[in-house]
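> Hey, dropping model.tsv in here, TSV, C-alpha atoms:
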chain	number	residue	atom	x	y	z
I	1	VAL	CA	0.00	0.00	0.00
I	2	GLN	CA	1.39	3.32	-1.04
I	3	GLU	CA	1.74	5.73	1.83
I	4	ILE	CA	0.15	9.13	1.30
I	5	PRO	CA	2.69	11.83	2.08
I	6	HIS	CA	1.69	14.30	4.75
I	7	LYS	CA	1.74	18.00	3.96
I	8	LYS	CA	4.30	19.88	5.90
I	9	GLU	CA	2.74	22.32	8.26
I	10	LYS	CA	3.88	25.92	7.85
I	11	PRO	CA	5.81	27.11	10.85
I	12	LYS	CA	3.75	29.39	13.03
I	13	LYS	CA	4.66	33.04	13.06
I	14	GLY	CA	6.32	34.30	16.15
I	15	ILE	CA	4.82	37.12	18.17
I	16	ALA	CA	7.42	39.58	16.85
I	17	ARG	CA	6.65	38.62	13.22
I	18	GLU	CA	2.91	39.03	13.81
I	19	TRP	CA	3.46	42.49	15.27
I	20	VAL	CA	5.67	43.50	12.33
I	21	ASP	CA	3.09	42.27	9.81
I	22	SER	CA	0.29	44.09	11.62
I	23	ILE	CA	2.24	47.35	11.77
I	24	VAL	CA	3.22	47.14	8.09
I	25	PHE	CA	-0.39	46.44	7.10
I	26	ALA	CA	-1.66	49.35	9.22
I	27	LEU	CA	0.93	51.74	7.72
I	28	VAL	CA	0.09	50.72	4.17
I	29	ALA	CA	-3.66	50.99	4.78
I	30	ALA	CA	-3.34	54.36	6.53
I	31	THR	CA	-1.08	55.70	3.77
I	32	LEU	CA	-3.49	54.64	1.03
I	33	ILE	CA	-6.50	56.13	2.84
I	34	ARG	CA	-4.58	59.34	3.54
I	35	CYS	CA	-3.34	59.60	-0.03
I	36	PHE	CA	-6.46	58.73	-2.01
I	37	PHE	CA	-9.55	59.15	0.19
I	38	ILE	CA	-9.54	61.35	3.30
I	39	GLU	CA	-7.03	63.05	5.58
I	40	ALA	CA	-7.11	65.06	8.80
I	41	TYR	CA	-5.81	68.64	9.01
I	42	ALA	CA	-5.63	71.30	11.72
I	43	ILE	CA	-6.35	75.03	11.39
I	44	PRO	CA	-3.19	76.86	12.56
I	45	THR	CA	-4.09	80.53	11.82
I	46	SER	CA	-7.05	82.89	11.98
I	47	SER	CA	-7.19	83.63	8.25
I	48	MET	CA	-10.55	81.82	7.84
I	49	GLU	CA	-12.25	83.12	10.97
I	50	SER	CA	-14.98	83.04	11.86
I	51	SER	CA	-15.92	80.30	9.37
I	52	LEU	CA	-13.06	78.09	10.59
I	53	LEU	CA	-11.34	78.68	13.93
I	54	VAL	CA	-7.82	78.10	15.20
I	55	GLY	CA	-8.00	74.69	16.88
I	56	ASP	CA	-10.50	73.21	14.42
I	57	TYR	CA	-9.50	69.78	13.13
I	58	LEU	CA	-10.90	68.95	9.70
I	59	PHE	CA	-11.47	65.89	7.59
I	60	VAL	CA	-10.55	66.71	4.01
I	61	SER	CA	-11.94	64.68	1.14
I	62	LYS	CA	-9.48	63.78	-1.63
I	63	ILE	CA	-12.18	62.25	-3.83
I	64	HIS	CA	-14.24	65.42	-4.35
I	65	TYR	CA	-11.77	66.97	-6.80
I	66	GLY	CA	-9.82	63.79	-7.53
I	67	ALA	CA	-6.89	62.45	-5.52
I	68	ARG	CA	-3.35	63.14	-6.72
I	69	THR	CA	-0.95	60.30	-7.35
I	70	PRO	CA	2.21	60.48	-5.20
I	71	LYS	CA	5.06	62.63	-6.51
I	72	THR	CA	7.65	62.39	-3.72
I	73	ILE	CA	7.85	58.65	-3.00
I	74	LEU	CA	10.96	58.50	-0.80
I	75	GLN	CA	9.27	59.62	2.40
I	76	VAL	CA	8.80	58.38	5.94
I	77	PRO	CA	5.16	57.14	6.12
I	78	LEU	CA	2.56	59.42	7.73
I	79	THR	CA	4.89	62.44	7.85
I	80	HIS	CA	4.98	65.66	5.88
I	81	GLN	CA	8.08	67.86	5.68
I	82	LYS	CA	10.03	66.79	8.77
I	83	ILE	CA	10.23	63.89	11.18
I	84	PRO	CA	7.99	64.93	14.12
I	85	GLY	CA	9.89	66.56	16.99
I	86	THR	CA	13.00	67.12	14.90
I	87	GLU	CA	14.33	69.34	12.13
I	88	ILE	CA	15.30	66.29	10.07
I	89	PRO	CA	13.64	66.17	6.63
I	90	SER	CA	11.25	63.23	6.34
I	91	TYR	CA	11.81	62.79	2.61
I	92	LEU	CA	14.39	62.58	-0.15
I	93	ASP	CA	13.70	64.37	-3.43
I	94	TRP	CA	16.00	62.12	-5.49
I	95	ILE	CA	13.00	60.62	-7.28
I	96	GLN	CA	10.08	62.82	-8.40
I	97	LEU	CA	7.31	61.03	-10.30
I	98	PRO	CA	4.95	62.75	-12.75
I	99	GLN	CA	1.81	63.67	-10.82
I	100	LEU	CA	-1.61	62.71	-12.12
I	101	ARG	CA	-5.07	63.47	-10.78
I	102	LEU	CA	-7.69	60.75	-10.58
I	103	PRO	CA	-11.28	61.49	-11.65
I	104	GLY	CA	-13.20	63.39	-8.96
I	105	LEU	CA	-16.80	63.78	-7.91
I	106	SER	CA	-16.98	67.47	-8.83
I	107	LYS	CA	-15.07	70.51	-10.05
I	108	VAL	CA	-13.86	73.37	-7.89
I	109	LYS	CA	-16.55	76.09	-7.75
I	110	ASN	CA	-16.50	79.74	-6.71
I	111	ASN	CA	-16.64	80.15	-2.91
I	112	ASP	CA	-15.65	76.52	-2.23
I	113	PRO	CA	-13.34	76.11	0.80
I	114	ILE	CA	-10.17	74.40	-0.43
I	115	VAL	CA	-7.10	72.78	1.14
I	116	PHE	CA	-4.00	73.25	-1.03
I	117	ASN	CA	-0.21	73.33	-0.91
I	118	TYR	CA	1.20	76.83	-0.39
I	119	PRO	CA	2.73	77.53	-3.83
I	120	ALA	CA	5.32	80.13	-2.76
I	121	GLU	CA	7.18	77.57	-0.61
I	122	LYS	CA	9.60	76.61	-3.38
I	123	GLN	CA	12.17	74.96	-1.09
I	124	TYR	CA	9.94	71.86	-0.89
I	125	PRO	CA	8.52	69.57	-3.61
I	126	SER	CA	5.05	70.78	-4.59
I	127	ASP	CA	3.24	67.89	-2.85
I	128	LEU	CA	5.08	68.55	0.44
I	129	ARG	CA	4.53	72.28	0.69
I	130	THR	CA	2.63	73.56	3.74
I	131	PHE	CA	-1.11	72.97	3.72
I	132	TYR	CA	-3.30	76.08	3.58
I	133	VAL	CA	-7.07	76.35	3.71
I	134	LYS	CA	-8.80	79.29	2.01
I	135	ARG	CA	-11.90	79.98	-0.02
I	136	CYS	CA	-11.61	79.71	-3.80
I	137	ILE	CA	-12.85	83.08	-5.04
I	138	GLY	CA	-11.83	82.74	-8.68
I	139	ILE	CA	-11.67	79.64	-10.89
I	140	PRO	CA	-9.88	79.18	-14.25
I	141	GLY	CA	-11.16	81.56	-16.92
I	142	ASP	CA	-12.66	84.04	-14.45
I	143	SER	CA	-12.04	87.76	-14.44
I	144	LEU	CA	-11.92	88.89	-10.81
I	145	GLU	CA	-12.34	92.35	-9.33
I	146	ILE	CA	-12.87	93.59	-5.77
I	147	ILE	CA	-14.73	96.90	-5.47
I	148	ASN	CA	-15.32	98.37	-2.00
I	149	LYS	CA	-14.88	94.92	-0.37
I	150	GLN	CA	-17.39	93.29	-2.74
I	151	THR	CA	-16.04	90.59	-5.05
I	152	TYR	CA	-17.16	90.49	-8.67
I	153	ILE	CA	-16.57	87.51	-10.95
I	154	ASN	CA	-17.02	88.28	-14.64
I	155	LYS	CA	-18.72	91.53	-13.48
I	156	VAL	CA	-21.32	89.59	-11.44
I	157	LEU	CA	-21.39	90.04	-7.65
I	158	LEU	CA	-20.11	86.98	-5.78
I	159	PRO	CA	-21.95	86.47	-2.45
I	160	THR	CA	-19.76	87.26	0.56
I	161	PRO	CA	-19.48	84.30	2.97
I	162	GLU	CA	-21.91	84.69	5.86
I	163	LYS	CA	-19.17	84.69	8.52
I	164	ALA	CA	-16.57	86.77	6.66
I	165	GLN	CA	-14.65	89.27	8.80
I	166	THR	CA	-13.08	92.66	8.18
I	167	SER	CA	-11.42	95.31	10.36
I	168	PHE	CA	-13.16	97.63	12.81
I	169	PHE	CA	-11.95	100.27	15.23
I	170	ILE	CA	-13.58	100.38	18.68
I	171	GLU	CA	-13.51	103.76	20.40
I	172	THR	CA	-13.69	103.50	24.18
I	173	ASP	CA	-12.81	105.57	27.24
I	174	GLY	CA	-11.54	102.60	29.23
I	175	THR	CA	-9.98	99.18	28.98
I	176	ILE	CA	-11.89	96.28	27.46
I	177	ARG	CA	-10.99	93.01	29.16
I	178	ASP	CA	-9.99	89.92	27.24
I	179	ARG	CA	-13.04	88.04	28.47
I	180	ILE	CA	-15.29	90.52	26.61
I	181	PHE	CA	-13.51	89.92	23.33
I	182	LYS	CA	-13.61	86.17	23.95
I	183	LYS	CA	-17.33	86.32	24.67
I	184	TYR	CA	-17.87	87.78	21.20
I	185	GLY	CA	-15.47	85.38	19.52
I	186	ILE	CA	-12.89	88.05	18.70
I	187	ARG	CA	-9.32	86.76	18.57
I	188	ASP	CA	-7.43	89.38	16.57
I	189	VAL	CA	-7.15	92.42	18.86
I	190	SER	CA	-4.59	95.25	18.84
I	191	ALA	CA	-4.63	98.15	21.28
I	192	ALA	CA	-4.58	101.50	19.49
I	193	ASN	CA	-4.78	105.16	20.48
I	194	GLY	CA	-8.20	105.62	22.09
I	195	GLY	CA	-9.43	102.10	21.45
I	196	TYR	CA	-8.83	98.77	19.76
I	197	LEU	CA	-8.36	97.46	16.25
I	198	ILE	CA	-10.26	94.19	15.81
I	199	HIS	CA	-11.28	91.72	13.11
I	200	THR	CA	-14.85	90.52	13.30
I	201	THR	CA	-18.14	90.22	11.42
I	202	GLN	CA	-20.52	93.10	10.76
I	203	GLU	CA	-23.12	91.41	12.98
I	204	THR	CA	-20.74	91.30	15.96
I	205	ALA	CA	-19.65	94.90	15.33
I	206	ASP	CA	-23.30	95.96	15.56
I	207	GLU	CA	-23.62	94.15	18.90
I	208	LEU	CA	-20.52	95.89	20.25
I	209	LYS	CA	-22.07	99.28	19.48
I	210	THR	CA	-24.77	98.59	22.08
I	211	LEU	CA	-22.29	98.18	24.97
I	212	ASN	CA	-22.32	101.13	27.37
I	213	PHE	CA	-18.51	101.40	27.55
I	214	VAL	CA	-18.13	101.57	23.73
I	215	ARG	CA	-18.34	105.04	22.21
I	216	ASN	CA	-18.28	104.03	18.57
I	217	VAL	CA	-17.39	101.18	16.21
I	218	THR	CA	-16.06	102.20	12.80
I	219	GLU	CA	-15.44	99.89	9.88
I	220	ILE	CA	-12.00	100.26	8.30
I	221	SER	CA	-11.78	100.40	4.52
I	222	TYR	CA	-8.71	100.42	2.32
I	223	ASP	CA	-9.58	102.71	-0.57
I	224	ASN	CA	-7.43	103.64	-3.54
I	225	ASN	CA	-5.66	106.39	-1.61
I	226	GLU	CA	-4.79	104.23	1.37
I	227	SER	CA	-1.28	103.79	2.72
I	228	ILE	CA	0.91	100.72	2.37
I	229	MET	CA	-1.08	99.11	5.22
I	230	GLY	CA	-3.71	97.86	2.79
I	231	LYS	CA	-1.40	97.22	-0.15
I	232	PRO	CA	-1.28	93.67	-1.55
I	233	ASP	CA	2.04	92.19	-2.74
I	234	PHE	CA	0.71	90.57	-5.92
I	235	PRO	CA	1.40	91.41	-8.66
I	236	LYS	CA	4.91	92.72	-8.02
I	237	GLY	CA	6.88	95.16	-10.15
I	238	ILE	CA	3.94	97.13	-11.50
I	239	GLU	CA	2.43	100.43	-10.37
I	240	ASN	CA	-1.28	100.28	-9.53
I	241	ASN	CA	-3.80	101.52	-7.00
I	242	TRP	CA	-4.87	98.04	-5.89
I	243	THR	CA	-5.63	97.50	-2.22
I	244	LEU	CA	-7.12	94.66	-0.18
I	245	ASP	CA	-10.60	96.16	-0.70
I	246	ASN	CA	-10.18	97.42	-4.27
I	247	TYR	CA	-8.32	94.87	-6.34
I	248	GLY	CA	-8.10	94.03	-10.03
I	249	PRO	CA	-9.44	93.43	-12.58
I	250	LEU	CA	-7.36	90.27	-12.87
I	251	TYR	CA	-7.79	87.38	-15.31
I	252	ILE	CA	-7.22	83.86	-13.92
I	253	PRO	CA	-5.61	81.60	-16.55
I	254	LYS	CA	-6.94	78.20	-17.56
I	255	ALA	CA	-5.31	75.33	-19.40
I	256	GLY	CA	-5.16	76.03	-23.15
I	257	ASP	CA	-5.41	79.83	-22.82
I	258	THR	CA	-3.09	81.73	-25.17
I	259	ILE	CA	-1.82	85.16	-24.14
I	260	ALA	CA	0.25	87.70	-26.00
I	261	VAL	CA	3.35	88.13	-23.84
I	262	ASN	CA	4.37	91.69	-23.01
I	263	SER	CA	6.32	93.53	-20.31
I	264	GLU	CA	3.16	94.46	-18.39
I	265	ASN	CA	1.38	91.11	-18.10
I	266	LEU	CA	4.62	89.27	-17.35
I	267	HIS	CA	4.46	90.90	-13.91
I	268	ILE	CA	1.24	88.93	-13.41
I	269	TYR	CA	1.83	85.69	-15.32
I	270	GLY	CA	5.62	85.46	-15.24
I	271	PRO	CA	5.75	83.45	-11.97
I	272	VAL	CA	3.16	81.04	-13.38
I	273	ILE	CA	5.17	80.43	-16.54
I	274	THR	CA	8.59	80.18	-14.91
I	275	PHE	CA	7.75	78.24	-11.71
I	276	TYR	CA	4.44	76.40	-11.90
I	277	ASP	CA	3.61	75.52	-15.50
I	278	GLY	CA	6.12	72.71	-15.99
I	279	ASN	CA	8.65	74.55	-18.15
I	280	GLU	CA	12.16	73.24	-17.61
I	281	SER	CA	13.84	76.26	-19.21
I	282	ALA	CA	11.83	79.47	-18.85
I	283	GLU	CA	13.15	82.86	-17.82
I	284	ILE	CA	12.28	86.54	-18.09
I	285	ARG	CA	14.94	88.99	-19.25
I	286	ASP	CA	14.47	92.67	-20.06
I	287	GLY	CA	10.68	92.36	-20.11
I	288	GLN	CA	10.72	89.38	-22.49
I	289	LEU	CA	9.91	85.71	-22.01
I	290	PHE	CA	12.47	83.14	-23.12
I	291	LEU	CA	11.63	79.43	-23.50
I	292	ASP	CA	14.55	77.09	-24.15
I	293	GLY	CA	16.66	80.15	-24.86
I	294	LYS	CA	14.32	81.58	-27.52
I	295	SER	CA	12.27	84.75	-27.14
I	296	VAL	CA	8.50	84.13	-27.49
I	297	ASN	CA	5.61	86.54	-28.03
I	298	TYR	CA	2.79	84.16	-27.15
I	299	TYR	CA	2.32	81.58	-24.44
I	300	VAL	CA	-0.19	78.72	-23.94
I	301	PHE	CA	-0.92	77.75	-20.32
I	302	LYS	CA	-0.51	74.07	-19.51
I	303	GLN	CA	-2.76	73.81	-16.42
I	304	ASN	CA	-5.57	75.57	-14.57
I	305	TYR	CA	-5.06	78.20	-11.87
I	306	TYR	CA	-7.16	79.47	-8.96
I	307	PHE	CA	-7.41	82.58	-6.79
I	308	MET	CA	-7.80	82.04	-3.02
I	309	MET	CA	-8.87	84.40	-0.22
I	310	GLY	CA	-9.41	83.94	3.49
I	311	ASP	CA	-12.74	84.80	5.11
I	312	ASN	CA	-10.83	87.06	7.52
I	313	ARG	CA	-10.44	89.49	4.65
I	314	HIS	CA	-8.05	91.96	6.32
I	315	ASN	CA	-5.91	89.36	8.07
I	316	SER	CA	-5.26	86.61	5.56
I	317	LEU	CA	-2.09	85.69	3.69
I	318	ASP	CA	-3.69	84.68	0.40
I	319	SER	CA	-3.58	85.13	-3.38
I	320	ARG	CA	-3.60	88.91	-3.01
I	321	TYR	CA	-0.08	88.51	-1.61
I	322	TRP	CA	1.46	85.52	-3.44
I	323	GLY	CA	-0.64	84.96	-6.56
I	324	PHE	CA	-2.37	82.05	-8.21
I	325	VAL	CA	-2.67	78.47	-6.96
I	326	PRO	CA	-1.83	75.86	-9.64
I	327	GLU	CA	-4.25	72.96	-10.07
I	328	ASP	CA	-1.56	70.42	-9.15
I	329	HIS	CA	-1.41	72.10	-5.69
I	330	ILE	CA	-5.11	71.46	-4.95
I	331	VAL	CA	-5.34	68.83	-2.17
I	332	GLY	CA	-9.05	68.47	-1.46
I	333	LYS	CA	-12.28	69.77	-0.01
I	334	PRO	CA	-12.74	70.11	3.77
I	335	VAL	CA	-16.04	68.43	4.59
I	336	PHE	CA	-16.54	68.65	8.37
I	337	VAL	CA	-14.90	69.52	11.70
I	338	TRP	CA	-14.23	66.29	13.61
I	339	TRP	CA	-12.68	67.99	16.68
I	340	SER	CA	-12.34	71.55	17.95
I	341	VAL	CA	-10.53	72.92	20.97
I	342	ASP	CA	-9.67	76.47	22.00
I	343	ASP	CA	-5.90	76.94	22.03
I	344	GLU	CA	-6.12	79.22	25.06
I	345	GLY	CA	-6.75	78.15	28.66
I	346	GLY	CA	-4.05	75.61	29.45
I	347	LEU	CA	-3.98	71.84	29.90
I	348	PHE	CA	-5.95	71.81	33.15
I	349	LYS	CA	-8.98	73.40	31.46
I	350	LEU	CA	-8.96	71.07	28.48
I	351	PHE	CA	-12.55	69.91	28.99
I	352	ASP	CA	-13.79	73.51	29.17
I	353	ARG	CA	-11.81	74.39	26.04
I	354	ILE	CA	-13.56	71.82	23.86
I	355	ARG	CA	-15.97	73.50	21.43
I	356	TRP	CA	-18.67	70.84	21.56
I	357	GLU	CA	-21.01	72.76	19.24
I	358	ARG	CA	-18.45	72.60	16.40
I	359	ILE	CA	-17.77	68.85	16.50
I	360	PHE	CA	-19.11	67.18	13.31
I	361	MET	CA	-20.05	70.61	11.95
I	362	PRO	CA	-20.20	70.60	8.13
I	363	ILE	CA	-17.98	73.14	6.35
I	364	GLU	CA	-19.61	75.50	3.86
Write the structure described by the file as structure tokens, please.

Amino acid sequence: VQEIPHKKEKPKKGIAREWVDSIVFALVAATLIRCFFIEAYAIPTSSMESSLLVGDYLFVSKIHYGARTPKTILQVPLTHQKIPGTEIPSYLDWIQLPQLRLPGLSKVKNNDPIVFNYPAEKQYPSDLRTFYVKRCIGIPGDSLEIINKQTYINKVLLPTPEKAQTSFFIETDGTIRDRIFKKYGIRDVSAANGGYLIHTTQETADELKTLNFVRNVTEISYDNNESIMGKPDFPKGIENNWTLDNYGPLYIPKAGDTIAVNSENLHIYGPVITFYDGNESAEIRDGQLFLDGKSVNYYVFKQNYYFMMGDNRHNSLDSRYWGFVPEDHIVGKPVFVWWSVDDEGGLFKLFDRIRWERIFMPIE
């Protein structure tokens, strides 16, 4: 009788091997989810107040506008620019892959809140630049103009976000305590001669006028004769009367647009052509554009561009200062606040600092 050979049993994994396999699986799964589906972000500045607050933690959808394929692949998993707690870079830029965008659920629309990579941070690869969150005011092909704080797109008024803030001056005979400002949700406060400079909504400013220790509340506007205080930095190298409240008109380029290149519009579109549009050899000399060493009179844009502004209109580092956001810098759409905690008050008041009313709040 022929003996049936027994199958050799696979050796059981040791505890250490099981832990390693579990950790590797968790890292791969988390990286894929973070890269292609959804990722958590924190709000570090007050540029979107009072729509989004410092201490809000957001979930950002990558699938709304289409997830980007990885560009910088030599990177410590679940890190960004540096290894946490150190100044050691968490990546190597030896290999940079072409970046593609997967199909998304929708296109970016005017007034959408957007998370994107800060384009002016050229010391990092584009996919590892600092994350910003602003509101997309202008989309590709739009002509944008701000007139007396009102934004017009293609000469049609764009609704101002409900919680948008601007600057006001409070006149008072005494001292206003911090708890009063906190009660009204005012974070940006500067003492000035005879009062305080604040950033808040018109609704809150009207409430402050009713307080018996407030003499007057005046809205601050940067008109065309204003000082450098209200002067934007973009575009550079051209004389104009643009301010934070009176800006443009400015055309936002889209992929396939052809422009006649001249010394005036190169102040606006030169950074796009030389830094963001994928040209390996592009430079501007003596008011002329050179591609691969040859002077050109026309240029065709290779990708779409966007114009971003913060809801805190007088205290936001946005496109009025550093220009357009390329499409390959768009990260995703913030969908809701999953956690929110006031950054003031200390560790021992952590429970009191939690903003319970903002948890799971949708972002509009």
> Quick one: axis-aligned box around all listed atoms of region 39-58 of chain I, 6 Å on every side, centre and edge lengths in Å to one decimal, written as lines of an AutoDock Vina configuration file.

center_x = -9.6
center_y = 73.3
center_z = 11.2
size_x = 24.7
size_y = 32.6
size_z = 23.3
> What lies within 7 Å of region 242-252 of chain I using all atoms listed in the file, ignoring chain neighbours under 2 positions off, as a list in words?
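Neighbouring residues, sequence-local ones excluded: Ile139, Pro140, Gly141, Asp142, Ser143, Leu144, Glu145, Ile146, Ile147, Asn148, Lys149, Ser221, Tyr222, Asp223, Asn224, Gly230, Lys231, Pro232, Asn240, Lys254, Tyr305 and Tyr306 of chain I.
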> Convert the current residue selection to file output with C-alpha atoms, as an mmCIF file, in the frame of the given file.

data_model
loop_
_atom_site.group_PDB
_atom_site.id
_atom_site.type_symbol
_atom_site.label_atom_id
_atom_site.label_comp_id
_atom_site.auth_asym_id
_atom_site.auth_seq_id
_atom_site.Cartn_x
_atom_site.Cartn_y
_atom_site.Cartn_z
ATOM 1 C CA ILE I 139 -11.670 79.640 -10.890
ATOM 2 C CA PRO I 140 -9.880 79.180 -14.250
ATOM 3 C CA GLY I 141 -11.160 81.560 -16.920
ATOM 4 C CA ASP I 142 -12.660 84.040 -14.450
ATOM 5 C CA SER I 143 -12.040 87.760 -14.440
ATOM 6 C CA LEU I 144 -11.920 88.890 -10.810
ATOM 7 C CA GLU I 145 -12.340 92.350 -9.330
ATOM 8 C CA ILE I 146 -12.870 93.590 -5.770
ATOM 9 C CA ILE I 147 -14.730 96.900 -5.470
ATOM 10 C CA ASN I 148 -15.320 98.370 -2.000
ATOM 11 C CA LYS I 149 -14.880 94.920 -0.370
ATOM 12 C CA SER I 221 -11.780 100.400 4.520
ATOM 13 C CA TYR I 222 -8.710 100.420 2.320
ATOM 14 C CA ASP I 223 -9.580 102.710 -0.570
ATOM 15 C CA ASN I 224 -7.430 103.640 -3.540
ATOM 16 C CA GLY I 230 -3.710 97.860 2.790
ATOM 17 C CA LYS I 231 -1.400 97.220 -0.150
ATOM 18 C CA PRO I 232 -1.280 93.670 -1.550
ATOM 19 C CA ASN I 240 -1.280 100.280 -9.530
ATOM 20 C CA LYS I 254 -6.940 78.200 -17.560
ATOM 21 C CA TYR I 305 -5.060 78.200 -11.870
ATOM 22 C CA TYR I 306 -7.160 79.470 -8.960
#
> What's the separation between CA of Gln202 (chain I) and CA of Phe116 (chain I), in Å to one decimal place?
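Value for the CA of Gln202 (chain I)-CA of Phe116 (chain I) distance: 28.4 Å.
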> Env of Lys302 (chain I): 7 Å cut, atoms = only C-alpha atoms, seq-sep filter 5 positions within chain, self excluded. Answer as a ChimeraX atom specification.
/I:255-256,277
> Would you be able to write out as a list in words which residues have an atom within 8 Å of (-15.7, 100.9, 9.6) in the file's coordinates, counting only C-alpha atoms?
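Looking at atoms near the point gives Ser167, Phe168, Phe169, Val217, Thr218, Glu219, Ile220 and Ser221 of chain I.
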> Those same residues - C-alpha atoms - I'd like them written as a short mmCIF file (atom, residue, chain, number, x, y, z; two decimals), keeping the file's coordinate frame.

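That gives us result-v5.cif:
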data_model
loop_
_atom_site.label_atom_id
_atom_site.label_comp_id
_atom_site.auth_asym_id
_atom_site.auth_seq_id
_atom_site.Cartn_x
_atom_site.Cartn_y
_atom_site.Cartn_z
CA SER I 167 -11.42 95.31 10.36
CA PHE I 168 -13.16 97.63 12.81
CA PHE I 169 -11.95 100.27 15.23
CA VAL I 217 -17.39 101.18 16.21
CA THR I 218 -16.06 102.20 12.80
CA GLU I 219 -15.44 99.89 9.88
CA ILE I 220 -12.00 100.26 8.30
CA SER I 221 -11.78 100.40 4.52
#
> Using only C-alpha atoms, which of I:Leu158, I:Val296, I:Ser340, I:Asn212 sits nearest Asp352 (chain I)?
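Using only C-alpha atoms, the shortest distance to Asp352 (chain I) belongs to I:Ser340.
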> Tell me, as a list in words, which residues lie within 12 Å of region 282-294 of chain I, counting all atoms listed in the file; anything in the same chain fewer than 4 positions away does not count.
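Neighbouring residues, sequence-local ones excluded: Gly237, Ile238, Ile259, Ala260, Val261, Asn262, Ser263, Glu264, Asn265, Leu266, His267, Tyr269, Gly270, Pro271, Val272, Ile273, Thr274, Phe275, Tyr276, Asp277, Gly278, Tyr298, Tyr299 and Val300 of chain I.
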> Starting from the point (-14.6, 79.5, -8.8), work out which residues of protein, DNA or RNA have an atom no more than 6 Å away when counting all atoms listed in the file; state them as a ChimeraX atom specification.
/I:109-110,136-139
> Which is closer to Met309 (chain I) than all the others in I:Ile114, I:Val28, I:Ala191, I:Val76, using all atoms listed in the file?
I:Ile114
> Quick one: residues within 12 Å of region 80-94 of chain I, only C-alpha atoms, excluding same-chain residues fewer than 4 positions away - as a PDB file with C-alpha atoms, in the coordinates of the input?

ATOM      1  CA  THR I  31      -1.080  55.700   3.770  1.00  0.00           C
ATOM      2  CA  ARG I  34      -4.580  59.340   3.540  1.00  0.00           C
ATOM      3  CA  CYS I  35      -3.340  59.600  -0.030  1.00  0.00           C
ATOM      4  CA  TYR I  41      -5.810  68.640   9.010  1.00  0.00           C
ATOM      5  CA  LYS I  71       5.060  62.630  -6.510  1.00  0.00           C
ATOM      6  CA  THR I  72       7.650  62.390  -3.720  1.00  0.00           C
ATOM      7  CA  ILE I  73       7.850  58.650  -3.000  1.00  0.00           C
ATOM      8  CA  LEU I  74      10.960  58.500  -0.800  1.00  0.00           C
ATOM      9  CA  GLN I  75       9.270  59.620   2.400  1.00  0.00           C
ATOM     10  CA  VAL I  76       8.800  58.380   5.940  1.00  0.00           C
ATOM     11  CA  ASN I 117      -0.210  73.330  -0.910  1.00  0.00           C
ATOM     12  CA  GLU I 121       7.180  77.570  -0.610  1.00  0.00           C
ATOM     13  CA  GLN I 123      12.170  74.960  -1.090  1.00  0.00           C
ATOM     14  CA  TYR I 124       9.940  71.860  -0.890  1.00  0.00           C
ATOM     15  CA  PRO I 125       8.520  69.570  -3.610  1.00  0.00           C
ATOM     16  CA  SER I 126       5.050  70.780  -4.590  1.00  0.00           C
ATOM     17  CA  ASP I 127       3.240  67.890  -2.850  1.00  0.00           C
ATOM     18  CA  LEU I 128       5.080  68.550   0.440  1.00  0.00           C
ATOM     19  CA  ARG I 129       4.530  72.280   0.690  1.00  0.00           C
ATOM     20  CA  THR I 130       2.630  73.560   3.740  1.00  0.00           C
ATOM     21  CA  PHE I 131      -1.110  72.970   3.720  1.00  0.00           C
TER      22      PHE I 131
END
> What gap, in Å, lies between CA of Ile176 (chain I) and CA of Ala164 (chain I)?
23.3 Å
> Work out how far CA of Ala42 (chain I) is from CA of Val54 (chain I), in Å to one decimal.
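Separation of CA of Val54 (chain I) and CA of Ala42 (chain I): 7.9 Å.
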> Counting all atoms listed in the file, what is within 9 Å of Thr201 (chain I), bar same-chain residues fewer than 6 positions away, as a ChimeraX atom specification?
/I:50,162-167,312
> With region 333-337 of chain I as the partner and 9 Å as the cut-off, tabulate the residues of region 110-151 of chain I that qualify, each row holding the nearest pair of atoms and their distance in Å to one decimal, using all atoms listed in the file, sorted by chain and rising number, as CSV.

residue,atom,partner,partner_atom,distance
I:Asp112,CA,I:Lys333,CA,7.9
I:Pro113,CA,I:Lys333,CA,6.5
I:Ile114,CA,I:Lys333,CA,5.1
I:Val115,CA,I:Lys333,CA,6.1
I:Val133,CA,I:Pro334,CA,8.4
> Kindly indicate which residue among I:Arg215, I:Ser190, I:Val24, I:Leu197 lies nearest to Glu171 (chain I), using only C-alpha atoms for the distances.
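Distance minimum relative to Glu171 (chain I) lands on I:Arg215.
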